[in-house]
$ cat input_38.cif   # mmCIF, C-alpha atoms (C1' of nucleotides)
data_work
#
loop_
_atom_site.group_PDB
_atom_site.id
_atom_site.type_symbol
_atom_site.label_atom_id
_atom_site.label_comp_id
_atom_site.auth_asym_id
_atom_site.auth_seq_id
_atom_site.Cartn_x
_atom_site.Cartn_y
_atom_site.Cartn_z
ATOM 1 C CA MET A 102 121.213 150.005 101.243
ATOM 2 C CA PRO A 103 123.372 148.731 98.436
ATOM 3 C CA GLU A 104 123.055 144.989 97.867
ATOM 4 C CA LEU A 105 123.908 142.914 94.792
ATOM 5 C CA PRO A 106 121.575 144.721 92.313
ATOM 6 C CA GLU A 107 122.765 148.142 93.430
ATOM 7 C CA ALA A 108 126.455 147.161 93.260
ATOM 8 C CA GLU A 109 125.816 145.611 89.825
ATOM 9 C CA THR A 110 124.115 148.783 88.565
ATOM 10 C CA ILE A 111 126.998 150.939 89.773
ATOM 11 C CA ALA A 112 129.633 148.608 88.302
ATOM 12 C CA ARG A 113 127.900 148.480 84.894
ATOM 13 C CA ASP A 114 127.646 152.266 84.792
ATOM 14 C CA LEU A 115 131.203 152.832 85.936
ATOM 15 C CA HIS A 116 132.829 150.292 83.624
ATOM 16 C CA PRO A 117 132.787 152.338 80.387
ATOM 17 C CA ARG A 118 133.505 155.529 82.285
ATOM 18 C CA LEU A 119 136.625 154.181 83.979
ATOM 19 C CA ALA A 120 138.151 151.687 81.545
ATOM 20 C CA GLY A 121 141.551 152.985 80.399
ATOM 21 C CA VAL A 122 141.545 156.009 82.686
ATOM 22 C CA ARG A 123 144.618 156.636 84.841
ATOM 23 C CA ILE A 124 144.526 157.521 88.535
ATOM 24 C CA THR A 125 146.706 160.588 88.992
ATOM 25 C CA GLY A 126 145.996 161.420 92.603
ATOM 26 C CA LEU A 127 144.008 160.737 95.721
ATOM 27 C CA ARG A 128 142.440 162.994 98.306
ATOM 28 C CA VAL A 129 141.269 161.287 101.489
ATOM 29 C CA ILE A 130 138.802 163.349 103.493
ATOM 30 C CA HIS A 131 137.743 160.628 105.951
ATOM 31 C CA ASP A 132 140.523 158.099 106.407
ATOM 32 C CA ASP A 133 138.312 155.726 108.415
ATOM 33 C CA VAL A 134 136.732 154.478 105.167
ATOM 34 C CA ILE A 135 140.131 153.229 103.970
ATOM 35 C CA ALA A 136 140.927 149.722 105.185
ATOM 36 C CA GLY A 137 144.504 149.628 106.424
ATOM 37 C CA ASP A 138 147.018 152.461 106.134
ATOM 38 C CA PRO A 139 145.748 155.293 103.875
ATOM 39 C CA ARG A 140 149.310 156.108 102.752
ATOM 40 C CA THR A 141 149.869 152.525 101.624
ATOM 41 C CA PHE A 142 146.524 152.668 99.809
ATOM 42 C CA ALA A 143 147.478 155.888 98.017
ATOM 43 C CA ASP A 144 150.963 154.662 97.077
ATOM 44 C CA GLY A 145 149.580 151.354 95.804
ATOM 45 C CA ILE A 146 147.209 152.876 93.260
ATOM 46 C CA ALA A 147 149.042 156.055 92.204
ATOM 47 C CA GLY A 148 149.667 156.357 88.474
ATOM 48 C CA LEU A 149 147.931 153.104 87.530
ATOM 49 C CA HIS A 150 145.314 152.651 84.825
ATOM 50 C CA LEU A 151 141.874 151.398 85.733
ATOM 51 C CA LEU A 152 140.619 148.487 83.624
ATOM 52 C CA GLY A 153 136.945 149.182 84.342
ATOM 53 C CA ALA A 154 134.548 148.088 87.060
ATOM 54 C CA GLY A 155 133.035 144.798 88.169
ATOM 55 C CA ARG A 156 131.202 143.246 91.089
ATOM 56 C CA ARG A 157 131.485 140.368 93.549
ATOM 57 C CA GLY A 158 128.675 140.005 96.106
ATOM 58 C CA LYS A 159 127.889 143.508 97.296
ATOM 59 C CA ASN A 160 131.396 144.729 96.470
ATOM 60 C CA VAL A 161 132.221 146.995 93.544
ATOM 61 C CA LEU A 162 135.599 146.005 92.121
ATOM 62 C CA LEU A 163 137.911 148.407 90.344
ATOM 63 C CA PRO A 164 140.670 146.322 88.694
ATOM 64 C CA LEU A 165 143.986 147.997 87.966
ATOM 65 C CA GLU A 166 146.543 147.333 85.256
ATOM 66 C CA ASP A 167 148.873 145.466 87.662
ATOM 67 C CA ARG A 168 146.087 142.945 88.411
ATOM 68 C CA SER A 169 145.526 144.432 91.849
ATOM 69 C CA ARG A 170 142.105 145.887 92.555
ATOM 70 C CA ILE A 171 140.287 148.420 94.647
ATOM 71 C CA VAL A 172 137.488 146.647 96.516
ATOM 72 C CA VAL A 173 134.647 148.952 97.507
ATOM 73 C CA ASN A 174 132.127 147.810 100.068
ATOM 74 C CA LEU A 175 129.443 150.474 100.109
ATOM 75 C CA GLY A 176 128.127 149.623 103.561
ATOM 76 C CA MET A 177 124.817 151.348 104.199
ATOM 77 C CA THR A 178 125.195 154.723 102.569
ATOM 78 C CA GLY A 179 128.272 154.541 100.340
ATOM 79 C CA ARG A 180 128.090 156.099 96.855
ATOM 80 C CA LEU A 181 130.519 155.900 93.942
ATOM 81 C CA VAL A 182 129.920 158.700 91.479
ATOM 82 C CA THR A 183 132.009 160.219 88.694
ATOM 83 C CA SER A 184 132.325 163.977 88.906
ATOM 84 C CA ASP A 185 130.840 164.491 85.416
ATOM 85 C CA ALA A 186 127.470 163.089 86.593
ATOM 86 C CA ALA A 187 124.772 165.717 86.835
ATOM 87 C CA ARG A 188 124.072 165.017 90.480
ATOM 88 C CA ALA A 189 127.668 164.740 91.681
ATOM 89 C CA GLY A 190 127.294 168.148 93.311
ATOM 90 C CA GLU A 191 124.660 166.752 95.653
ATOM 91 C CA LEU A 192 127.218 164.689 97.542
ATOM 92 C CA ARG A 193 127.346 166.016 101.068
ATOM 93 C CA HIS A 194 129.612 163.497 102.784
ATOM 94 C CA LEU A 195 132.576 163.150 100.472
ATOM 95 C CA ALA A 196 135.083 160.713 101.973
ATOM 96 C CA VAL A 197 137.553 159.960 99.161
ATOM 97 C CA CYS A 198 138.299 161.655 95.840
ATOM 98 C CA PHE A 199 140.298 159.887 93.095
ATOM 99 C CA THR A 200 141.792 162.321 90.590
ATOM 100 C CA LEU A 201 141.708 160.961 87.017
ATOM 101 C CA ASP A 202 143.920 161.875 84.054
ATOM 102 C CA ASP A 203 140.971 162.944 81.872
ATOM 103 C CA GLY A 204 140.082 165.800 84.207
ATOM 104 C CA ARG A 205 137.295 164.006 86.002
ATOM 105 C CA ASP A 206 137.242 162.695 89.579
ATOM 106 C CA LEU A 207 135.855 159.466 90.967
ATOM 107 C CA LEU A 208 134.068 160.372 94.186
ATOM 108 C CA TYR A 209 133.333 158.173 97.166
ATOM 109 C CA ASP A 210 130.655 159.638 99.416
ATOM 110 C CA ASP A 211 129.389 157.949 102.562
ATOM 111 C CA THR A 212 127.043 159.543 105.099
ATOM 112 C CA ARG A 213 127.494 156.977 107.861
ATOM 113 C CA ARG A 214 130.938 155.801 106.803
ATOM 114 C CA PHE A 215 130.093 152.131 107.242
ATOM 115 C CA GLY A 216 131.640 151.494 103.837
ATOM 116 C CA ARG A 217 135.267 150.479 103.213
ATOM 117 C CA LEU A 218 137.751 150.901 100.386
ATOM 118 C CA GLN A 219 140.565 148.400 100.190
ATOM 119 C CA HIS A 220 143.433 147.899 97.761
ATOM 120 C CA LEU A 221 144.236 144.210 97.307
ATOM 121 C CA SER A 222 146.939 142.492 95.280
ATOM 122 C CA ALA A 223 145.801 139.792 92.850
ATOM 123 C CA GLU A 224 146.769 137.155 95.424
ATOM 124 C CA ALA A 225 145.096 138.911 98.365
ATOM 125 C CA TRP A 226 141.939 139.289 96.308
ATOM 126 C CA LEU A 227 141.939 135.570 95.537
ATOM 127 C CA GLU A 228 141.931 134.847 99.259
ATOM 128 C CA ARG A 229 139.139 137.321 99.928
ATOM 129 C CA ASP A 230 137.147 136.027 96.982
ATOM 130 C CA ALA A 231 137.367 132.493 98.388
ATOM 131 C CA GLU A 232 135.815 133.685 101.662
ATOM 132 C CA LEU A 233 132.750 134.983 99.878
ATOM 133 C CA GLY A 234 129.831 132.684 99.189
ATOM 134 C CA ILE A 235 128.262 131.541 95.947
ATOM 135 C CA GLU A 236 127.021 134.131 93.426
ATOM 136 C CA PRO A 237 123.220 133.742 93.325
ATOM 137 C CA LEU A 238 123.016 134.666 89.627
ATOM 138 C CA SER A 239 125.706 132.177 88.572
ATOM 139 C CA ASP A 240 125.030 128.761 87.029
ATOM 140 C CA ARG A 241 126.554 127.132 90.098
ATOM 141 C CA PHE A 242 123.679 128.437 92.245
ATOM 142 C CA THR A 243 121.395 125.456 91.813
ATOM 143 C CA ALA A 244 118.516 124.470 94.084
ATOM 144 C CA ASP A 245 120.598 121.570 95.296
ATOM 145 C CA ALA A 246 123.593 123.811 96.086
ATOM 146 C CA LEU A 247 121.342 126.094 98.132
ATOM 147 C CA TRP A 248 119.688 123.182 99.899
ATOM 148 C CA ARG A 249 123.055 121.685 100.886
ATOM 149 C CA LEU A 250 123.993 125.054 102.442
ATOM 150 C CA THR A 251 120.712 125.607 104.292
ATOM 151 C CA LYS A 252 120.827 122.113 105.782
ATOM 152 C CA ARG A 253 124.015 123.015 107.639
ATOM 153 C CA THR A 254 122.618 125.884 109.714
ATOM 154 C CA ARG A 255 120.129 126.097 112.571
ATOM 155 C CA SER A 256 119.808 129.869 112.183
ATOM 156 C CA PRO A 257 116.644 131.495 110.843
ATOM 157 C CA ILE A 258 116.715 131.336 107.037
ATOM 158 C CA ARG A 259 116.706 135.162 106.857
ATOM 159 C CA ASN A 260 119.941 135.277 108.894
ATOM 160 C CA PHE A 261 121.441 132.580 106.690
ATOM 161 C CA LEU A 262 120.705 134.638 103.581
ATOM 162 C CA LEU A 263 122.503 137.663 105.068
ATOM 163 C CA ASP A 264 125.709 135.656 105.597
ATOM 164 C CA GLN A 265 128.043 136.803 102.805
ATOM 165 C CA GLY A 266 130.153 133.696 103.251
ATOM 166 C CA LYS A 267 127.221 131.478 102.219
ATOM 167 C CA VAL A 268 125.421 133.354 99.439
ATOM 168 C CA ALA A 269 127.154 136.559 98.326
ATOM 169 C CA GLY A 270 125.297 139.796 97.705
ATOM 170 C CA VAL A 271 121.962 139.279 99.439
ATOM 171 C CA GLY A 272 121.003 141.865 102.078
ATOM 172 C CA ASN A 273 117.936 142.339 104.221
ATOM 173 C CA ILE A 274 115.678 143.813 101.525
ATOM 174 C CA TYR A 275 116.129 141.097 98.880
ATOM 175 C CA ALA A 276 116.335 138.297 101.459
ATOM 176 C CA LEU A 277 112.878 139.254 102.736
ATOM 177 C CA GLU A 278 111.439 139.823 99.265
ATOM 178 C CA ALA A 279 112.716 136.436 98.091
ATOM 179 C CA LEU A 280 111.318 134.692 101.173
ATOM 180 C CA PHE A 281 107.925 136.262 100.462
ATOM 181 C CA LEU A 282 108.035 135.077 96.839
ATOM 182 C CA ALA A 283 109.033 131.600 98.003
ATOM 183 C CA GLY A 284 106.334 131.514 100.696
ATOM 184 C CA ILE A 285 108.814 130.840 103.501
ATOM 185 C CA ARG A 286 108.684 132.597 106.867
ATOM 186 C CA PRO A 287 111.941 134.453 107.705
ATOM 187 C CA THR A 288 112.126 132.740 111.107
ATOM 188 C CA ARG A 289 112.178 129.259 109.595
ATOM 189 C CA ARG A 290 115.346 127.427 110.673
ATOM 190 C CA GLY A 291 117.752 126.732 107.830
ATOM 191 C CA HIS A 292 118.014 123.004 108.488
ATOM 192 C CA ARG A 293 114.220 122.661 108.336
ATOM 193 C CA VAL A 294 113.961 124.089 104.816
ATOM 194 C CA THR A 295 112.761 121.327 102.520
ATOM 195 C CA ARG A 296 114.219 120.478 99.136
ATOM 196 C CA ARG A 297 111.084 121.829 97.495
ATOM 197 C CA GLU A 298 111.349 125.093 99.457
ATOM 198 C CA ALA A 299 115.038 125.405 98.566
ATOM 199 C CA ARG A 300 114.030 125.171 94.910
ATOM 200 C CA ARG A 301 111.430 127.913 95.349
ATOM 201 C CA LEU A 302 113.878 130.086 97.302
ATOM 202 C CA ARG A 303 116.584 129.683 94.683
ATOM 203 C CA ASP A 304 114.162 130.660 91.921
ATOM 204 C CA ALA A 305 112.821 133.569 94.005
ATOM 205 C CA LEU A 306 116.307 134.935 94.722
ATOM 206 C CA ARG A 307 117.304 134.838 91.068
ATOM 207 C CA ASP A 308 114.004 136.396 90.050
ATOM 208 C CA ILE A 309 114.082 139.228 92.574
ATOM 209 C CA LEU A 310 117.775 140.046 92.030
ATOM 210 C CA SER A 311 117.578 140.093 88.241
ATOM 211 C CA ARG A 312 114.377 142.141 88.253
ATOM 212 C CA ALA A 313 115.949 144.617 90.688
ATOM 213 C CA ILE A 314 118.958 144.969 88.379
ATOM 214 C CA ARG A 315 116.584 145.677 85.482
ATOM 215 C CA HIS A 316 115.048 148.463 87.569
ATOM 216 C CA ARG A 317 118.492 149.783 88.513
ATOM 217 C CA GLY A 318 118.185 148.842 92.174
ATOM 218 C CA THR A 319 116.113 149.832 95.170
ATOM 219 C CA THR A 320 116.377 153.231 96.791
ATOM 220 C CA PHE A 321 114.741 152.787 100.166
ATOM 221 C CA SER A 322 116.393 155.866 101.576
ATOM 222 C CA ASP A 323 120.002 156.473 100.620
ATOM 223 C CA TYR A 324 121.085 154.456 97.604
ATOM 224 C CA ARG A 325 122.154 156.328 94.457
ATOM 225 C CA ASP A 326 123.667 154.913 91.268
ATOM 226 C CA ALA A 327 126.932 156.010 89.637
ATOM 227 C CA SER A 328 125.158 159.051 88.201
ATOM 228 C CA GLY A 329 123.657 159.996 91.546
ATOM 229 C CA GLU A 330 120.158 158.843 90.536
ATOM 230 C CA VAL A 331 117.728 156.782 92.645
ATOM 231 C CA GLY A 332 116.847 153.185 91.757
ATOM 232 C CA GLY A 333 113.415 152.219 90.430
ATOM 233 C CA PHE A 334 112.608 149.027 92.327
ATOM 234 C CA GLU A 335 111.260 150.442 95.603
ATOM 235 C CA PRO A 336 107.613 150.651 94.401
ATOM 236 C CA LEU A 337 107.802 146.925 93.533
ATOM 237 C CA LEU A 338 108.714 145.771 97.052
ATOM 238 C CA LYS A 339 106.065 143.410 98.449
ATOM 239 C CA VAL A 340 107.011 143.235 102.126
ATOM 240 C CA TYR A 341 110.085 145.293 102.980
ATOM 241 C CA GLY A 342 109.108 148.424 104.913
ATOM 242 C CA ARG A 343 105.391 147.624 104.533
ATOM 243 C CA GLU A 344 104.470 146.786 108.136
ATOM 244 C CA GLY A 345 100.704 147.029 108.686
ATOM 245 C CA ARG A 346 99.936 147.487 104.994
ATOM 246 C CA PRO A 347 97.928 144.820 103.169
ATOM 247 C CA CYS A 348 99.734 141.934 101.515
ATOM 248 C CA THR A 349 99.566 142.391 97.724
ATOM 249 C CA ARG A 350 98.539 138.747 97.373
ATOM 250 C CA CYS A 351 96.017 138.138 100.168
ATOM 251 C CA GLY A 352 95.334 141.460 101.897
ATOM 252 C CA THR A 353 96.546 140.323 105.325
ATOM 253 C CA PRO A 354 98.502 143.099 107.093
ATOM 254 C CA ILE A 355 102.268 142.671 106.734
ATOM 255 C CA LYS A 356 104.030 141.876 110.004
ATOM 256 C CA ARG A 357 107.378 143.061 111.294
ATOM 257 C CA LYS A 358 109.497 140.997 113.646
ATOM 258 C CA VAL A 359 112.994 141.817 114.871
ATOM 259 C CA LEU A 360 115.431 138.974 114.245
ATOM 260 C CA THR A 361 118.911 139.460 115.739
ATOM 261 C CA ASN A 362 118.589 143.241 115.721
ATOM 262 C CA ARG A 363 117.278 143.500 112.155
ATOM 263 C CA SER A 364 113.715 143.944 110.985
ATOM 264 C CA ALA A 365 112.052 141.060 109.189
ATOM 265 C CA PHE A 366 108.869 141.785 107.217
ATOM 266 C CA TYR A 367 106.552 138.992 106.091
ATOM 267 C CA CYS A 368 102.973 138.085 105.342
ATOM 268 C CA PRO A 369 101.748 135.834 108.172
ATOM 269 C CA ARG A 370 99.313 134.106 105.809
ATOM 270 C CA CYS A 371 101.325 133.670 102.592
ATOM 271 C CA GLN A 372 104.407 132.699 104.595
ATOM 272 C CA ALA A 373 102.815 130.219 106.964
ATOM 273 C "C1'" DA B 609 133.018 126.583 115.559
ATOM 274 C "C1'" DA B 610 128.619 128.273 114.583
ATOM 275 C "C1'" DC B 611 126.036 131.769 116.189
ATOM 276 C "C1'" DG B 612 124.464 135.890 118.672
ATOM 277 C "C1'" DC B 613 125.411 140.446 120.144
ATOM 278 C "C1'" DG B 614 127.223 145.157 120.497
ATOM 279 C "C1'" DC B 615 129.485 148.572 118.149
ATOM 280 C "C1'" DC B 616 130.529 151.862 114.464
ATOM 281 C "C1'" DC B 617 128.049 156.412 112.413
ATOM 282 C "C1'" DT B 618 124.667 160.148 111.197
ATOM 283 C "C1'" DG B 619 120.053 161.592 109.420
ATOM 284 C "C1'" DT B 620 115.418 161.278 110.582
ATOM 285 C "C1'" DC B 621 111.582 160.896 113.324
ATOM 286 C "C1'" DC B 622 108.955 160.914 117.573
ATOM 287 C "C1'" DG B 623 107.550 162.611 122.011
ATOM 288 C "C1'" DC B 624 107.634 166.044 125.473
ATOM 289 C "C1'" DT C 1344 110.542 175.329 118.418
ATOM 290 C "C1'" DG C 1345 113.997 172.652 120.290
ATOM 291 C "C1'" DC C 1346 116.145 168.856 121.991
ATOM 292 C "C1'" DG C 1347 117.162 164.174 123.682
ATOM 293 C "C1'" DG C 1348 116.665 159.576 122.550
ATOM 294 C "C1'" DA C 1349 115.376 155.676 119.640
ATOM 295 C "C1'" DC C 1350 115.989 153.725 115.320
ATOM 296 C "C1'" DA C 1351 117.935 152.238 110.853
ATOM 297 C "C1'" DG C 1352 121.598 148.403 109.434
ATOM 298 C "C1'" DG C 1353 126.385 145.700 106.844
ATOM 299 C "C1'" DG C 1354 130.248 143.940 108.617
ATOM 300 C "C1'" DC C 1355 133.394 142.899 112.053
ATOM 301 C "C1'" DG C 1356 135.352 141.667 116.558
ATOM 302 C "C1'" DC C 1357 134.374 139.345 120.415
ATOM 303 C "C1'" DG C 1358 132.413 135.974 123.686
ATOM 304 C "C1'" DT C 1359 130.145 131.560 124.378
#
$ encode --input "input_38.cif" --output "structure tokens"
Amino acid sequence: MPELPEAETIARDLHPRLAGVRITGLRVIHDDVIAGDPRTFADGIAGLHLLGAGRRGKNVLLPLEDRSRIVVNLGMTGRLVTSDAARAGELRHLAVCFTLDDGRDLLYDDTRRFGRLQHLSAEAWLERDAELGIEPLSDRFTADALWRLTKRTRSPIRNFLLDQGKVAGVGNIYALEALFLAGIRPTRRGHRVTRREARRLRDALRDILSRAIRHRGTTFSDYRDASGEVGGFEPLLKVYGREGRPCTRCGTPIKRKVLTNRSAFYCPRCQA
DNA sequence: AACGCGCCCTGTCCGC
DNA sequence: TGCGGACAGGGCGCGT
């Protein structure tokens, strides 16, 4: 499932492929992936040049020449692929097709259609941006900043990390991997996280996210990059999806516990 | 008002 | 072999 590292990988790949290219047309196959009225979406982007691609949280951003932008939330199974990529033909659930003036297409494919494409004006984006939490790879994401946020919630720390309004871009996989690295149990209440633990968690998040970016993301089942290729980080996961298998640090079998309808994996010994 | 829950959706897997 | 049902989960709308 695409989280920050996957969105970052896609944005970095798309940027040089899209910068300066003009959108000449749009074909919407599944209009439920378009937020708002699909006609308004189409009219708003028609004929405009793309400036490239960026990222905010888990969202891939496609800025346009009029300072508006297409905001792509990939949901669970969303893929953004240019038609010149070798594996573009493997897309089986095409939802939206942007026609480009250089003969290529930008394809949005989404098996479960949990993803959303939205066209926002510069002002509307500013409002949306303000609703998203702190970027965990930014300089502002200090141990103290994280600690101040965790103090304010009684929810399990795993749930806190999934809240995009608090820390932007962290999903279930990297939340659980970071908690393992930091030695904190996912069920630990946010307000009980100590200053020292907040420091470890901050370092762990930055470590896991930047390493995942270096490996071009995690393909647990569905994720593909902008060329349609799988990510390389899955073999490096320590707890996610490893229920019953020995902890890489201590050998204790990894446990799975359902927290608010989502699996949490942890080592009961290393995360005491 | 912070927080939990059910829903959306389809591929995959399990049991009978 | 085939089929029904459970499961996976990010985000959002809703209720408390």
$ residues_around --input "input_38.cif" --residues "range 300-303 of chain A" --least-positions-apart "5" --cutoff "10 Å" --atoms "all atoms listed in the file" --output "VMD selection string"
chain A and resid 237 to 238 242 to 248 276 279 to 285 294 to 295 308
$ closest_atom_pairs --input "input_38.cif" --of "chain C" --to "range 611-615 of chain B" --cutoff "12 Å" --atoms "all atoms listed in the file" --output "Markdown table"
| residue | atom | partner | partner_atom | distance |
| --- | --- | --- | --- | --- |
| C:DG1352 | C1' | B:DC615 | C1' | 11.8 |
| C:DG1354 | C1' | B:DC615 | C1' | 10.6 |
| C:DC1355 | C1' | B:DC615 | C1' | 9.2 |
| C:DG1356 | C1' | B:DC615 | C1' | 9.2 |
| C:DC1357 | C1' | B:DC613 | C1' | 9.0 |
| C:DG1358 | C1' | B:DC613 | C1' | 9.0 |
| C:DT1359 | C1' | B:DG612 | C1' | 9.1 |
$ closest_atom_pairs --input "input_38.cif" --of "chain A" --to "chain B" --cutoff "8 Å" --atoms "all atoms listed in the file" --output "Markdown table"
| residue | atom | partner | partner_atom | distance |
| --- | --- | --- | --- | --- |
| A:Thr212 | CA | B:DT618 | C1' | 6.6 |
| A:Arg213 | CA | B:DC617 | C1' | 4.6 |
| A:Arg214 | CA | B:DC617 | C1' | 6.3 |
| A:Phe215 | CA | B:DC617 | C1' | 7.0 |
| A:Ser256 | CA | B:DC611 | C1' | 7.6 |
| A:Thr361 | CA | B:DG612 | C1' | 7.2 |
$ resolve_selection --input "input_38.cif" --expression "the PyMOL selection byres ((chain A) within 12 of (chain C))" --output "ChimeraX atom specification"
/A:102-104,159-160,174-179,213-217,263-266,270-274,321-323,342,361-364
$ atom_distance --input "input_38.cif" --atom1 "CA of Val173 in chain A" --atom2 "CA of Arg259 in chain A"
24.5 Å
$ atom_distance --input "input_38.cif" --atom1 "CA of Arg315 in chain A" --atom2 "CA of Ser239 in chain A"
16.6 Å
$ atom_distance --input "input_38.cif" --atom1 "CA of Val122 in chain A" --atom2 "CA of Gly204 in chain A"
10.0 Å
$ residues_around --input "input_38.cif" --residues "Asp203 in chain A" --least-positions-apart "2" --cutoff "12 Å" --atoms "all atoms listed in the file" --output "list of chain:residue names"
A:Arg118, A:Leu119, A:Ala120, A:Gly121, A:Val122, A:Arg123, A:Ile124, A:Thr125, A:Gly126, A:His150, A:Thr183, A:Ser184, A:Asp185, A:Phe199, A:Thr200, A:Leu201, A:Arg205, A:Asp206, A:Leu207
$ residues_near_point --input "input_38.cif" --point "(130.7, 168.2, 102.1)" --cutoff "12 Å" --atoms "all atoms listed in the file" --output "VMD selection string"
chain A and resid 130 to 131 189 to 198 208 to 212
$ write_last_selection --input "input_38.cif" --atoms "C-alpha atoms" --output "tab-separated table (two decimals), keeping the file's coordinate frame"
chain	number	residue	atom	x	y	z
A	130	ILE	CA	138.80	163.35	103.49
A	131	HIS	CA	137.74	160.63	105.95
A	189	ALA	CA	127.67	164.74	91.68
A	190	GLY	CA	127.29	168.15	93.31
A	191	GLU	CA	124.66	166.75	95.65
A	192	LEU	CA	127.22	164.69	97.54
A	193	ARG	CA	127.35	166.02	101.07
A	194	HIS	CA	129.61	163.50	102.78
A	195	LEU	CA	132.58	163.15	100.47
A	196	ALA	CA	135.08	160.71	101.97
A	197	VAL	CA	137.55	159.96	99.16
A	198	CYS	CA	138.30	161.66	95.84
A	208	LEU	CA	134.07	160.37	94.19
A	209	TYR	CA	133.33	158.17	97.17
A	210	ASP	CA	130.66	159.64	99.42
A	211	ASP	CA	129.39	157.95	102.56
A	212	THR	CA	127.04	159.54	105.10
$ residues_around --input "input_38.cif" --residues "Gly145 in chain A" --least-positions-apart "5" --cutoff "10 Å" --atoms "all atoms listed in the file" --output "mmCIF file with C-alpha atoms, keeping the file's coordinate frame"
data_model
loop_
_atom_site.group_PDB
_atom_site.id
_atom_site.type_symbol
_atom_site.label_atom_id
_atom_site.label_comp_id
_atom_site.auth_asym_id
_atom_site.auth_seq_id
_atom_site.Cartn_x
_atom_site.Cartn_y
_atom_site.Cartn_z
ATOM 1 C CA PRO A 139 145.748 155.293 103.875
ATOM 2 C CA ARG A 140 149.310 156.108 102.752
ATOM 3 C CA SER A 169 145.526 144.432 91.849
ATOM 4 C CA ARG A 170 142.105 145.887 92.555
ATOM 5 C CA ILE A 171 140.287 148.420 94.647
ATOM 6 C CA HIS A 220 143.433 147.899 97.761
ATOM 7 C CA LEU A 221 144.236 144.210 97.307
ATOM 8 C CA SER A 222 146.939 142.492 95.280
#
$ build_atoms --input "input_38.cif" --residues "range 120-132 of chain A" --atoms "N, CA and C atoms" --output "mmCIF file, in the frame of the given file"
data_model
loop_
_atom_site.group_PDB
_atom_site.id
_atom_site.type_symbol
_atom_site.label_atom_id
_atom_site.label_comp_id
_atom_site.auth_asym_id
_atom_site.auth_seq_id
_atom_site.Cartn_x
_atom_site.Cartn_y
_atom_site.Cartn_z
ATOM 1 N N ALA A 120 137.203 152.542 82.268
ATOM 2 C CA ALA A 120 138.151 151.687 81.545
ATOM 3 C C ALA A 120 139.181 152.535 80.809
ATOM 4 N N GLY A 121 140.466 152.287 81.084
ATOM 5 C CA GLY A 121 141.551 152.985 80.399
ATOM 6 C C GLY A 121 141.954 154.300 81.020
ATOM 7 N N VAL A 122 141.235 154.731 82.037
ATOM 8 C CA VAL A 122 141.545 156.009 82.686
ATOM 9 C C VAL A 122 142.630 155.794 83.743
ATOM 10 N N ARG A 123 143.518 156.769 83.878
ATOM 11 C CA ARG A 123 144.618 156.636 84.841
ATOM 12 C C ARG A 123 144.322 157.423 86.118
ATOM 13 N N ILE A 124 144.676 156.828 87.240
ATOM 14 C CA ILE A 124 144.526 157.521 88.535
ATOM 15 C C ILE A 124 145.756 158.387 88.742
ATOM 16 N N THR A 125 145.556 159.686 88.836
ATOM 17 C CA THR A 125 146.706 160.588 88.992
ATOM 18 C C THR A 125 146.891 161.060 90.425
ATOM 19 N N GLY A 126 145.846 160.963 91.224
ATOM 20 C CA GLY A 126 145.996 161.420 92.603
ATOM 21 C C GLY A 126 144.859 160.966 93.476
ATOM 22 N N LEU A 127 145.019 161.173 94.757
ATOM 23 C CA LEU A 127 144.008 160.737 95.721
ATOM 24 C C LEU A 127 143.895 161.767 96.834
ATOM 25 N N ARG A 128 142.663 162.108 97.160
ATOM 26 C CA ARG A 128 142.440 162.994 98.306
ATOM 27 C C ARG A 128 141.540 162.243 99.280
ATOM 28 N N VAL A 129 142.034 162.021 100.466
ATOM 29 C CA VAL A 129 141.269 161.287 101.489
ATOM 30 C C VAL A 129 140.730 162.283 102.502
ATOM 31 N N ILE A 130 139.425 162.414 102.551
ATOM 32 C CA ILE A 130 138.802 163.349 103.493
ATOM 33 C C ILE A 130 138.512 162.648 104.813
ATOM 34 N N HIS A 131 137.996 161.422 104.736
ATOM 35 C CA HIS A 131 137.743 160.628 105.951
ATOM 36 C C HIS A 131 138.549 159.342 105.851
ATOM 37 N N ASP A 132 139.656 159.269 106.582
ATOM 38 C CA ASP A 132 140.523 158.099 106.407
ATOM 39 C C ASP A 132 139.962 156.834 107.048
#
